[in-house]
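This is structure-v4.cif (mmCIF, C-alpha atoms and all ligand atoms).
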data_protein
#
loop_
_atom_site.label_atom_id
_atom_site.label_comp_id
_atom_site.auth_asym_id
_atom_site.auth_seq_id
_atom_site.Cartn_x
_atom_site.Cartn_y
_atom_site.Cartn_z
CA MET A 798 68.41 186.17 153.00
CA ALA A 799 65.33 185.61 150.83
CA ILE A 800 61.60 186.09 151.22
CA LEU A 801 60.26 182.62 150.52
CA LEU A 802 56.60 183.37 151.08
CA ASP A 803 55.07 186.82 150.85
CA ASP A 804 51.41 187.43 151.47
CA ASP A 805 49.24 189.85 153.47
CA ARG A 806 48.78 187.17 156.12
CA ALA A 807 52.02 185.18 156.12
CA THR A 808 55.66 185.94 155.33
CA LEU A 809 58.55 183.51 155.66
CA HIS A 810 62.13 184.74 155.47
CA GLY A 811 64.93 182.31 154.73
CA GLY A 812 68.08 183.23 156.64
CA ASP A 813 69.64 183.86 160.01
CA ALA A 814 67.35 185.42 162.61
CA LEU A 815 70.05 187.92 163.56
CA VAL A 816 70.24 189.13 159.95
CA VAL A 817 66.50 189.17 159.21
CA LEU A 818 65.08 190.59 162.45
CA PRO A 819 66.70 194.04 162.08
CA THR A 820 64.91 194.40 158.71
CA LEU A 821 61.40 194.02 160.21
CA PRO A 822 59.48 197.26 160.77
CA ALA A 823 59.74 198.57 164.35
CA GLY A 824 56.59 198.07 166.44
CA SER A 825 54.94 195.80 163.86
CA VAL A 826 54.56 192.60 165.93
CA ASP A 827 51.86 191.80 168.51
CA LEU A 828 53.22 188.46 169.78
CA VAL A 829 56.62 186.76 169.59
CA LEU A 830 55.96 183.03 169.95
CA THR A 831 59.11 181.05 169.43
CA ASP A 832 60.85 177.75 169.97
CA PRO A 833 64.58 178.40 169.61
CA PRO A 834 67.11 175.60 169.25
CA TYR A 835 67.52 174.79 172.96
CA ASN A 836 71.26 174.12 172.71
CA SER A 837 70.52 171.63 175.44
CA GLY A 838 70.93 167.89 175.82
CA GLY A 839 74.23 166.21 176.60
CA ARG A 840 75.82 166.45 180.00
CA THR A 841 79.19 167.93 179.11
CA GLN A 842 80.38 170.85 177.05
CA SER A 843 81.87 168.38 174.60
CA ASP A 844 78.49 166.60 174.20
CA ARG A 845 76.77 169.89 173.53
CA THR A 846 79.21 171.20 171.00
CA LYS A 847 79.77 168.02 168.99
CA VAL A 848 76.54 166.05 168.97
CA SER A 849 73.91 166.77 166.30
CA ALA A 850 70.44 167.96 167.31
CA ARG A 851 69.11 164.67 165.96
CA ASP A 852 71.33 162.64 168.27
CA LYS A 853 70.35 164.77 171.26
CA TYR A 854 66.60 165.03 170.85
CA VAL A 855 65.58 161.81 169.07
CA SER A 856 65.48 158.58 171.05
CA GLY A 857 67.42 155.66 169.59
CA ASP A 858 64.27 153.65 168.90
CA ALA A 859 62.45 156.44 167.04
CA GLN A 860 61.12 155.21 163.71
CA HIS A 861 61.78 158.21 161.52
CA GLN A 862 64.50 159.91 159.52
CA LEU A 863 63.61 163.56 160.02
CA ALA A 864 66.22 166.07 158.88
CA ASP A 865 68.68 167.45 161.39
CA PHE A 866 68.56 171.18 162.13
CA VAL A 867 71.18 173.84 162.67
CA GLY A 868 72.27 176.15 165.49
CA ASP A 869 72.17 173.74 168.43
CA ASN A 870 75.83 173.59 169.46
CA ARG A 871 76.40 176.59 171.70
CA ASP A 872 77.66 176.18 175.20
CA GLN A 873 75.51 177.70 177.93
CA ARG A 874 77.06 181.16 178.22
CA ALA A 875 77.09 181.57 174.45
CA TYR A 876 73.43 180.48 174.33
CA THR A 877 72.44 183.12 176.89
CA ALA A 878 74.28 185.91 175.07
CA TRP A 879 73.04 184.88 171.63
CA LEU A 880 69.41 184.47 172.71
CA ALA A 881 69.52 187.85 174.48
CA LEU A 882 70.58 189.45 171.19
CA VAL A 883 67.80 187.72 169.25
CA LEU A 884 65.20 188.71 171.85
CA ALA A 885 66.42 192.32 171.84
CA HIS A 886 65.81 192.45 168.07
CA CYS A 887 62.37 190.90 168.64
CA LEU A 888 61.63 193.63 171.19
CA ARG A 889 62.43 196.37 168.67
CA ALA A 890 60.06 194.76 166.17
CA SER A 891 57.27 194.53 168.79
CA ARG A 892 54.70 197.14 169.70
CA PRO A 893 54.50 198.40 173.30
CA GLY A 894 52.55 195.86 175.38
CA ALA A 895 53.28 192.95 173.02
CA SER A 896 53.88 189.53 174.59
CA LEU A 897 56.82 187.18 174.19
CA LEU A 898 56.46 183.42 174.74
CA VAL A 899 59.70 181.49 174.39
CA PHE A 900 59.99 177.72 174.82
CA SER A 901 62.68 176.14 177.01
CA ASP A 902 63.44 172.80 178.64
CA TRP A 903 64.35 172.51 182.34
CA ARG A 904 68.07 172.68 181.64
CA GLN A 905 67.92 176.00 179.83
CA LEU A 906 65.34 177.70 182.08
CA PRO A 907 67.90 179.88 183.93
CA ALA A 908 69.70 180.83 180.70
CA THR A 909 66.41 181.62 178.96
CA SER A 910 65.10 183.81 181.78
CA ASP A 911 68.42 185.70 181.80
CA ALA A 912 68.24 186.16 178.02
CA LEU A 913 64.62 187.33 178.14
CA GLN A 914 65.45 190.01 180.69
CA ALA A 915 68.77 190.99 179.09
CA GLY A 916 66.87 191.39 175.80
CA GLY A 917 64.78 194.12 177.45
CA TRP A 918 61.56 192.17 178.02
CA LEU A 919 59.64 192.39 181.28
CA TRP A 920 59.53 188.86 182.70
CA ARG A 921 55.94 187.93 183.64
CA GLY A 922 55.97 184.23 184.44
CA ILE A 923 56.39 180.62 183.36
CA VAL A 924 53.70 178.52 181.69
CA PRO A 925 54.43 174.77 181.85
CA TRP A 926 53.59 172.63 178.86
CA HIS A 927 52.77 169.10 180.07
CA LYS A 928 53.56 166.30 177.61
CA PRO A 929 51.41 163.25 178.45
CA ILE A 930 53.77 160.88 176.63
CA SER A 931 57.29 161.20 177.98
CA ARG A 932 60.11 158.83 178.84
CA PRO A 933 60.36 157.47 182.40
CA ARG A 934 63.67 157.93 184.22
CA ALA A 935 65.16 155.16 186.33
CA GLY A 936 65.57 156.24 189.93
CA GLY A 937 64.02 159.67 189.53
CA PHE A 938 61.45 161.98 188.00
CA LYS A 939 60.22 162.12 184.43
CA ALA A 940 61.03 165.26 182.48
CA GLU A 941 57.32 165.56 181.72
CA CYS A 942 57.15 169.27 181.00
CA GLU A 943 58.71 171.90 178.84
CA TYR A 944 58.18 175.56 179.66
CA LEU A 945 57.12 178.83 178.11
CA LEU A 946 58.72 181.91 179.56
CA TRP A 947 56.32 184.80 179.26
CA GLY A 948 57.45 188.39 178.93
CA SER A 949 56.02 191.65 177.69
CA ASN A 950 57.26 194.79 176.02
CA GLY A 951 56.48 196.97 179.04
CA PRO A 952 52.97 197.25 180.53
CA ILE A 953 50.14 195.26 178.90
CA ASP A 954 46.97 197.13 177.96
CA ALA A 955 44.46 194.34 178.76
CA THR A 956 41.60 196.29 177.17
CA ARG A 957 43.11 195.54 173.74
CA ASN A 958 42.64 191.78 174.19
CA PRO A 959 40.60 191.00 177.33
CA VAL A 960 41.45 187.30 177.77
CA TYR A 961 41.90 185.14 180.88
CA LEU A 962 44.19 182.27 179.93
CA PRO A 963 45.24 179.10 181.79
CA GLY A 964 48.65 178.81 183.45
CA LEU A 965 49.22 175.20 182.38
CA TYR A 966 48.66 173.35 179.10
CA SER A 967 48.72 169.68 178.21
CA ALA A 968 49.24 168.52 174.63
CA SER A 969 50.98 165.63 172.88
CA GLN A 970 53.81 166.11 170.45
CA PRO A 971 53.11 165.14 166.84
CA ARG A 972 54.06 161.51 166.25
CA GLY A 973 54.49 159.10 163.37
CA ALA A 974 53.73 160.29 159.85
CA ALA A 975 52.25 163.54 161.20
CA ARG A 976 55.64 164.63 162.52
CA ARG A 977 57.68 166.94 160.30
CA HIS A 978 60.41 168.31 162.58
CA ILE A 979 62.59 166.69 165.26
CA THR A 980 61.39 169.17 167.90
CA GLU A 981 58.00 170.01 166.39
CA LYS A 982 55.51 171.66 168.75
CA PRO A 983 51.78 170.78 168.64
CA VAL A 984 49.66 173.23 166.66
CA SER A 985 46.83 172.74 169.18
CA LEU A 986 49.11 174.11 171.94
CA LEU A 987 50.39 176.98 169.79
CA ALA A 988 46.82 177.90 168.84
CA GLU A 989 45.91 178.16 172.54
CA LEU A 990 48.97 180.31 173.20
CA ALA A 991 48.14 182.57 170.25
CA GLN A 992 45.06 183.72 172.18
CA VAL A 993 47.33 186.16 174.03
CA CYS A 994 47.66 188.01 170.69
CA VAL A 995 44.90 190.40 169.66
CA PRO A 996 42.73 188.86 166.86
CA GLY A 997 44.14 189.85 163.48
CA GLY A 998 47.49 190.70 165.11
CA MET A 999 50.95 189.80 163.86
CA VAL A 1000 52.75 186.76 165.32
CA LEU A 1001 56.55 186.52 164.89
CA ASP A 1002 58.57 183.29 165.11
CA PRO A 1003 62.29 183.85 164.37
CA PHE A 1004 62.90 180.05 164.54
CA ALA A 1005 60.01 178.85 162.44
CA GLY A 1006 61.19 175.26 161.85
CA SER A 1007 58.39 173.41 160.06
CA GLY A 1008 56.06 176.41 160.41
CA SER A 1009 53.89 175.19 163.30
CA THR A 1010 53.57 178.66 164.87
CA GLY A 1011 52.50 180.09 161.53
CA VAL A 1012 49.88 177.39 161.01
CA ALA A 1013 48.51 178.12 164.50
CA ALA A 1014 48.51 181.88 163.86
CA LEU A 1015 46.63 181.55 160.56
CA SER A 1016 44.16 179.03 161.90
CA THR A 1017 43.23 181.38 164.75
CA GLY A 1018 42.83 184.48 162.58
CA ARG A 1019 46.22 186.05 163.28
CA ARG A 1020 48.94 186.96 160.78
CA PHE A 1021 52.45 185.51 160.72
CA VAL A 1022 56.03 186.46 160.00
CA GLY A 1023 58.70 183.80 160.39
CA VAL A 1024 62.41 183.21 159.86
CA GLU A 1025 64.11 179.85 159.27
CA LEU A 1026 67.76 179.09 158.49
CA SER A 1027 67.59 175.46 157.36
CA GLU A 1028 66.70 175.16 153.67
CA HIS A 1029 64.96 171.85 154.23
CA TYR A 1030 62.67 173.25 156.93
CA GLN A 1031 62.06 176.45 154.94
CA GLN A 1032 60.38 174.35 152.26
CA VAL A 1033 58.41 172.31 154.80
CA ALA A 1034 57.17 175.54 156.40
CA VAL A 1035 56.24 177.16 153.08
CA ASP A 1036 54.17 174.10 152.12
CA ARG A 1037 52.39 174.01 155.47
CA LEU A 1038 51.67 177.75 155.49
CA ARG A 1039 50.23 177.62 151.99
CA GLU A 1040 48.03 174.72 152.99
CA ALA A 1041 46.92 176.45 156.20
CA ALA A 1042 45.88 179.54 154.34
CA GLY A 1043 44.19 177.33 151.74
CA SER A 1044 41.02 178.60 150.21
CA ALA A 1045 41.35 182.09 151.70
CA TRP A 1046 44.42 182.74 149.55
CA VAL A 1047 42.81 181.18 146.50
CA ALA A 1048 39.77 183.40 146.97
CA SER A 1049 41.76 186.57 147.50
CA GLY A 1050 43.93 186.50 144.41
CA PRO A 1051 46.95 184.86 142.91
CA GLY A 1052 48.30 183.68 146.27
CA PRO A 1053 51.67 183.90 147.90
CA SER A 1054 54.87 183.90 145.91
CA VAL A 1055 57.19 181.01 146.58
CA ALA A 1056 60.86 181.08 145.63
CA SER A 1057 61.87 178.16 143.45
C1 LIG B 1101 63.41 174.01 167.83
S1 LIG B 1101 63.30 174.21 166.13
C2 LIG B 1101 61.68 174.90 165.86
C3 LIG B 1101 60.65 173.85 165.56
C4 LIG B 1101 59.26 174.44 165.35
N1 LIG B 1101 58.69 174.93 166.57
C5 LIG B 1101 58.31 173.43 164.73
O1 LIG B 1101 57.29 173.10 165.33
O2 LIG B 1101 58.62 172.94 163.63
C6 LIG B 1101 64.35 175.58 165.87
C7 LIG B 1101 64.57 175.94 164.42
O3 LIG B 1101 65.41 177.10 164.36
C8 LIG B 1101 66.23 177.00 163.21
N2 LIG B 1101 67.39 177.87 163.43
C9 LIG B 1101 68.53 177.59 164.11
N3 LIG B 1101 69.34 178.67 164.14
C10 LIG B 1101 68.70 179.66 163.46
C11 LIG B 1101 69.02 181.00 163.15
N4 LIG B 1101 70.17 181.56 163.56
N5 LIG B 1101 68.13 181.74 162.47
C12 LIG B 1101 66.94 181.19 162.06
N6 LIG B 1101 66.58 179.91 162.29
C13 LIG B 1101 67.46 179.15 162.99
C14 LIG B 1101 66.58 175.52 163.12
O4 LIG B 1101 66.91 175.15 161.78
C15 LIG B 1101 65.29 174.87 163.60
O5 LIG B 1101 64.44 174.48 162.54
#

This entry written out as structure tokens:
Amino acid sequence: MAILLDDDRATLHGGDALVVLPTLPAGSVDLVLTDPPYNSGGRTQSDRTKVSARDKYVSGDAQHQLADFVGDNRDQRAYTAWLALVLAHCLRASRPGASLLVFSDWRQLPATSDALQAGGWLWRGIVPWHKPISRPRAGGFKAECEYLLWGSNGPIDATRNPVYLPGLYSASQPRGAARRHITEKPVSLLAELAQVCVPGGMVLDPFAGSGSTGVAALSTGRRFVGVELSEHYQQVAVDRLREAAGSAWVASGPGPSVAS
């Protein structure tokens, strides 16, 4: 476990979420906004436990060689139990009234809602994310949406952040050269979602990937703490976070420290 980026506004921990989360100060987080490895894809247990994330989530004709990522081989019951543990640690790190937004696909919706509730969060609803460009399916319906399950750490004090937010978002996934991670989420979407966090508040993403949540947090005037296990994606996230903070860090001093 190492702190790869350490600044007043953004911290990135390299390591396993279950090791790092217990070290975060209790009650320090205002929003958990996270995109865990879905442990989805494949139709059989053997598909799920053997196939790489790349093989599951990247179509055969995709023109890129993005790095694979780790932690995507659990079967469904293991996924539910593991995610519940992670979300329980997130709850401890969150202040009363903080929100949780956790991404899921259709297949893992039941497991994710079980994990959210088992982790101690109050389940508040589902926010669909509509992806305008998605693959058609012969003989049936497109899987045109992913979902955000919304929970809170007990009652929400709406006077702290009096916002009225939509219940449906539409945004395209990064494509081509702009894409850095196999399952990268659009910063524009994450920036909209970050509105549920009080301005200046702390956003936690225990599965930071390429750092998209952190970029959205910084660009909307929130702070960020993230965790990422893959060394490749740790470096991608550090570079993006430094760039997102840009001139503000330069103006405020020597800037964040980055492990070599
Ligand atoms: C779905 S991706 C997140 C992508 C991210 N939203 C983005 O836009 O780049 C999930 C990430 O969690 C990381 N991961 C998997 N298991 C982990 C663990 N136990 N602790 C921390 N990170 C983990 C993977 O390496 C992967 O980069």

Give the residues close to ligand LIG 1101 (chain B), within 9 Å, counting only C-alpha atoms and all ligand atoms; write them as a PDB file with C-alpha atoms, in the coordinates of the input.
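The file below, out.pdb, is the result:
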ATOM      1  CA  HIS A 810      62.130 184.740 155.470  1.00  0.00           C
ATOM      2  CA  GLY A 811      64.930 182.310 154.730  1.00  0.00           C
ATOM      3  CA  GLY A 812      68.080 183.230 156.640  1.00  0.00           C
ATOM      4  CA  ASP A 813      69.640 183.860 160.010  1.00  0.00           C
ATOM      5  CA  ALA A 814      67.350 185.420 162.610  1.00  0.00           C
ATOM      6  CA  LEU A 815      70.050 187.920 163.560  1.00  0.00           C
ATOM      7  CA  VAL A 816      70.240 189.130 159.950  1.00  0.00           C
ATOM      8  CA  VAL A 817      66.500 189.170 159.210  1.00  0.00           C
ATOM      9  CA  THR A 831      59.110 181.050 169.430  1.00  0.00           C
ATOM     10  CA  ASP A 832      60.850 177.750 169.970  1.00  0.00           C
ATOM     11  CA  PRO A 833      64.580 178.400 169.610  1.00  0.00           C
ATOM     12  CA  PRO A 834      67.110 175.600 169.250  1.00  0.00           C
ATOM     13  CA  TYR A 835      67.520 174.790 172.960  1.00  0.00           C
ATOM     14  CA  ASP A 865      68.680 167.450 161.390  1.00  0.00           C
ATOM     15  CA  PHE A 866      68.560 171.180 162.130  1.00  0.00           C
ATOM     16  CA  VAL A 867      71.180 173.840 162.670  1.00  0.00           C
ATOM     17  CA  GLY A 868      72.270 176.150 165.490  1.00  0.00           C
ATOM     18  CA  ASP A 869      72.170 173.740 168.430  1.00  0.00           C
ATOM     19  CA  VAL A 883      67.800 187.720 169.250  1.00  0.00           C
ATOM     20  CA  PHE A 900      59.990 177.720 174.820  1.00  0.00           C
ATOM     21  CA  ARG A 976      55.640 164.630 162.520  1.00  0.00           C
ATOM     22  CA  ARG A 977      57.680 166.940 160.300  1.00  0.00           C
ATOM     23  CA  HIS A 978      60.410 168.310 162.580  1.00  0.00           C
ATOM     24  CA  ILE A 979      62.590 166.690 165.260  1.00  0.00           C
ATOM     25  CA  THR A 980      61.390 169.170 167.900  1.00  0.00           C
ATOM     26  CA  GLU A 981      58.000 170.010 166.390  1.00  0.00           C
ATOM     27  CA  LYS A 982      55.510 171.660 168.750  1.00  0.00           C
ATOM     28  CA  PRO A 983      51.780 170.780 168.640  1.00  0.00           C
ATOM     29  CA  VAL A 984      49.660 173.230 166.660  1.00  0.00           C
ATOM     30  CA  ASP A1002      58.570 183.290 165.110  1.00  0.00           C
ATOM     31  CA  PRO A1003      62.290 183.850 164.370  1.00  0.00           C
ATOM     32  CA  PHE A1004      62.900 180.050 164.540  1.00  0.00           C
ATOM     33  CA  ALA A1005      60.010 178.850 162.440  1.00  0.00           C
ATOM     34  CA  GLY A1006      61.190 175.260 161.850  1.00  0.00           C
ATOM     35  CA  SER A1007      58.390 173.410 160.060  1.00  0.00           C
ATOM     36  CA  GLY A1008      56.060 176.410 160.410  1.00  0.00           C
ATOM     37  CA  SER A1009      53.890 175.190 163.300  1.00  0.00           C
ATOM     38  CA  THR A1010      53.570 178.660 164.870  1.00  0.00           C
ATOM     39  CA  GLY A1023      58.700 183.800 160.390  1.00  0.00           C
ATOM     40  CA  VAL A1024      62.410 183.210 159.860  1.00  0.00           C
ATOM     41  CA  GLU A1025      64.110 179.850 159.270  1.00  0.00           C
ATOM     42  CA  LEU A1026      67.760 179.090 158.490  1.00  0.00           C
ATOM     43  CA  SER A1027      67.590 175.460 157.360  1.00  0.00           C
ATOM     44  CA  GLU A1028      66.700 175.160 153.670  1.00  0.00           C
ATOM     45  CA  HIS A1029      64.960 171.850 154.230  1.00  0.00           C
ATOM     46  CA  TYR A1030      62.670 173.250 156.930  1.00  0.00           C
ATOM     47  CA  GLN A1031      62.060 176.450 154.940  1.00  0.00           C
ATOM     48  CA  VAL A1033      58.410 172.310 154.800  1.00  0.00           C
ATOM     49  CA  ALA A1034      57.170 175.540 156.400  1.00  0.00           C
TER      50      ALA A1034
END

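For the pair CA of Leu962 in chain A and CA of Glu943 in chain A, the interatomic distance is 17.9 Å.
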
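Of the listed residues (A:Leu863, A:Ala1042, A:Leu801, A:Val826), A:Leu863 comes nearest to Ala974 in chain A; the distances count only C-alpha atoms.
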
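Shortest separation to Ala823 in chain A among A:Cys887, A:Ala895, A:Ala1013, A:Ile930 occurs at residue A:Cys887, atoms counted being all atoms listed in the file.
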
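Going from CA of Ser949 in chain A to CA of Ala890 in chain A covers 12.6 Å.
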
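When CA of Arg871 in chain A is paired with CA of Leu986 in chain A, their separation reads 27.4 Å.
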
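Among the candidate residues A:Gly1011, A:Asp954, A:Pro822, A:Cys942, the one lying nearest to Val1035 in chain A is A:Gly1011, with distances computed using all atoms listed in the file.
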
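Taking all atoms listed in the file into account, Arg892 in chain A lies nearest to A:Gly951 out of the set A:Pro819, A:Gly951, A:Gly997, A:Gly1018.
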
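With distances restricted to all atoms listed in the file, A:Val1012 is the closest residue to Leu1038 in chain A from A:Val1012, A:Arg1019, A:His886, A:Leu946.
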
Original post:
Leaving out Leu919 in chain A and any residue of its chain fewer than 4 positions from it, which residues lie within 9 Å of it when counting only C-alpha atoms, given as a PyMOL selection string?
Top reply: chain A and resi 913-914+947-952

Subject >> Residue contacts of Lys939 in chain A (12 Å, only C-alpha atoms) excluding same-chain residues fewer than 5 positions away, as number ranges by chain >> reply: A: 903, 927-934

Non-local contacts of Arg874 in chain A (12 Å; only C-alpha atoms; under 6 positions in same chain excluded) as a PDB file with C-alpha atoms, in the coordinates of the input:
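result-v7.pdb, written as the output of this step:
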ATOM      1  CA  ASN A 836      71.260 174.120 172.710  1.00  0.00           C
ATOM      2  CA  SER A 837      70.520 171.630 175.440  1.00  0.00           C
ATOM      3  CA  GLN A 842      80.380 170.850 177.050  1.00  0.00           C
ATOM      4  CA  LEU A 880      69.410 184.470 172.710  1.00  0.00           C
ATOM      5  CA  ALA A 881      69.520 187.850 174.480  1.00  0.00           C
ATOM      6  CA  GLN A 905      67.920 176.000 179.830  1.00  0.00           C
ATOM      7  CA  PRO A 907      67.900 179.880 183.930  1.00  0.00           C
ATOM      8  CA  ALA A 908      69.700 180.830 180.700  1.00  0.00           C
ATOM      9  CA  THR A 909      66.410 181.620 178.960  1.00  0.00           C
ATOM     10  CA  ASP A 911      68.420 185.700 181.800  1.00  0.00           C
ATOM     11  CA  ALA A 912      68.240 186.160 178.020  1.00  0.00           C
TER      12      ALA A 912
END

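The smallest atom-to-atom distance between Leu1015 in chain A and any of A:Arg806, A:Trp918, A:Leu828, A:Thr877, using all atoms listed in the file, is found for A:Arg806.
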
Kindly list the centre and edge lengths in Å, rounded to one decimal, for the axis-aligned box that covers all listed atoms of range 832-836 of chain A plus 4 Å on each of its six sides, as AutoDock Vina command-line options.
--center_x 66.1 --center_y 176.3 --center_z 171.1 --size_x 18.4 --size_y 12.3 --size_z 11.7

From the block you just saw, export range 957-965 of chain A: all heavy atoms, as an mmCIF file, in the first residue's frame.
data_model
loop_
_atom_site.group_PDB
_atom_site.id
_atom_site.type_symbol
_atom_site.label_atom_id
_atom_site.label_comp_id
_atom_site.auth_asym_id
_atom_site.auth_seq_id
_atom_site.Cartn_x
_atom_site.Cartn_y
_atom_site.Cartn_z
ATOM 1 N N ARG A 957 -27.886 21.073 3.649
ATOM 2 C CA ARG A 957 -26.424 21.173 3.421
ATOM 3 C C ARG A 957 -26.097 21.386 1.955
ATOM 4 O O ARG A 957 -25.095 22.007 1.606
ATOM 5 C CB ARG A 957 -25.730 19.873 3.873
ATOM 6 C CG ARG A 957 -25.415 19.813 5.347
ATOM 7 C CD ARG A 957 -24.766 18.472 5.644
ATOM 8 N NE ARG A 957 -23.507 18.280 4.938
ATOM 9 C CZ ARG A 957 -22.319 18.451 5.477
ATOM 10 N NH1 ARG A 957 -22.212 18.795 6.733
ATOM 11 N NH2 ARG A 957 -21.224 18.252 4.772
ATOM 12 N N ASN A 958 -26.897 20.792 1.064
ATOM 13 C CA ASN A 958 -26.636 20.859 -0.377
ATOM 14 C C ASN A 958 -27.979 20.805 -1.100
ATOM 15 O O ASN A 958 -28.409 19.760 -1.569
ATOM 16 C CB ASN A 958 -25.748 19.666 -0.785
ATOM 17 C CG ASN A 958 -25.281 19.755 -2.224
ATOM 18 O OD1 ASN A 958 -25.068 20.849 -2.764
ATOM 19 N ND2 ASN A 958 -25.124 18.602 -2.858
ATOM 20 N N PRO A 959 -28.673 21.962 -1.159
ATOM 21 C CA PRO A 959 -30.057 21.965 -1.674
ATOM 22 C C PRO A 959 -30.118 21.850 -3.196
ATOM 23 O O PRO A 959 -30.310 22.845 -3.900
ATOM 24 C CB PRO A 959 -30.609 23.306 -1.182
ATOM 25 C CG PRO A 959 -29.413 24.160 -0.940
ATOM 26 C CD PRO A 959 -28.225 23.286 -0.711
ATOM 27 N N VAL A 960 -29.954 20.622 -3.704
ATOM 28 C CA VAL A 960 -29.986 20.399 -5.158
ATOM 29 C C VAL A 960 -31.205 19.556 -5.519
ATOM 30 O O VAL A 960 -31.705 18.786 -4.707
ATOM 31 C CB VAL A 960 -28.703 19.669 -5.643
ATOM 32 C CG1 VAL A 960 -27.492 20.578 -5.573
ATOM 33 C CG2 VAL A 960 -28.461 18.387 -4.832
ATOM 34 N N TYR A 961 -31.658 19.710 -6.763
ATOM 35 C CA TYR A 961 -32.730 18.878 -7.327
ATOM 36 C C TYR A 961 -32.157 18.274 -8.604
ATOM 37 O O TYR A 961 -32.017 18.968 -9.614
ATOM 38 C CB TYR A 961 -33.969 19.727 -7.626
ATOM 39 C CG TYR A 961 -34.638 20.232 -6.368
ATOM 40 C CD1 TYR A 961 -34.193 21.403 -5.752
ATOM 41 C CD2 TYR A 961 -35.687 19.532 -5.790
ATOM 42 C CE1 TYR A 961 -34.779 21.868 -4.585
ATOM 43 C CE2 TYR A 961 -36.287 19.982 -4.619
ATOM 44 C CZ TYR A 961 -35.830 21.146 -4.024
ATOM 45 O OH TYR A 961 -36.415 21.595 -2.868
ATOM 46 N N LEU A 962 -31.815 17.008 -8.560
ATOM 47 C CA LEU A 962 -31.061 16.396 -9.664
ATOM 48 C C LEU A 962 -31.950 15.481 -10.503
ATOM 49 O O LEU A 962 -32.932 14.932 -10.004
ATOM 50 C CB LEU A 962 -29.881 15.592 -9.072
ATOM 51 C CG LEU A 962 -28.914 16.445 -8.246
ATOM 52 C CD1 LEU A 962 -27.906 15.569 -7.510
ATOM 53 C CD2 LEU A 962 -28.184 17.441 -9.135
ATOM 54 N N PRO A 963 -31.579 15.290 -11.786
ATOM 55 C CA PRO A 963 -32.368 14.410 -12.657
ATOM 56 C C PRO A 963 -32.306 12.959 -12.180
ATOM 57 O O PRO A 963 -31.424 12.578 -11.412
ATOM 58 C CB PRO A 963 -31.670 14.540 -14.016
ATOM 59 C CG PRO A 963 -30.719 15.663 -13.897
ATOM 60 C CD PRO A 963 -30.415 15.880 -12.461
ATOM 61 N N GLY A 964 -33.233 12.146 -12.700
ATOM 62 C CA GLY A 964 -33.232 10.721 -12.365
ATOM 63 C C GLY A 964 -32.754 9.866 -13.516
ATOM 64 O O GLY A 964 -32.856 8.631 -13.470
ATOM 65 N N LEU A 965 -32.211 10.506 -14.569
ATOM 66 C CA LEU A 965 -31.752 9.780 -15.754
ATOM 67 C C LEU A 965 -30.694 10.634 -16.436
ATOM 68 O O LEU A 965 -30.873 11.848 -16.574
ATOM 69 C CB LEU A 965 -32.938 9.579 -16.709
ATOM 70 C CG LEU A 965 -32.632 9.070 -18.113
ATOM 71 C CD1 LEU A 965 -32.166 7.628 -18.076
ATOM 72 C CD2 LEU A 965 -33.875 9.192 -19.006
#
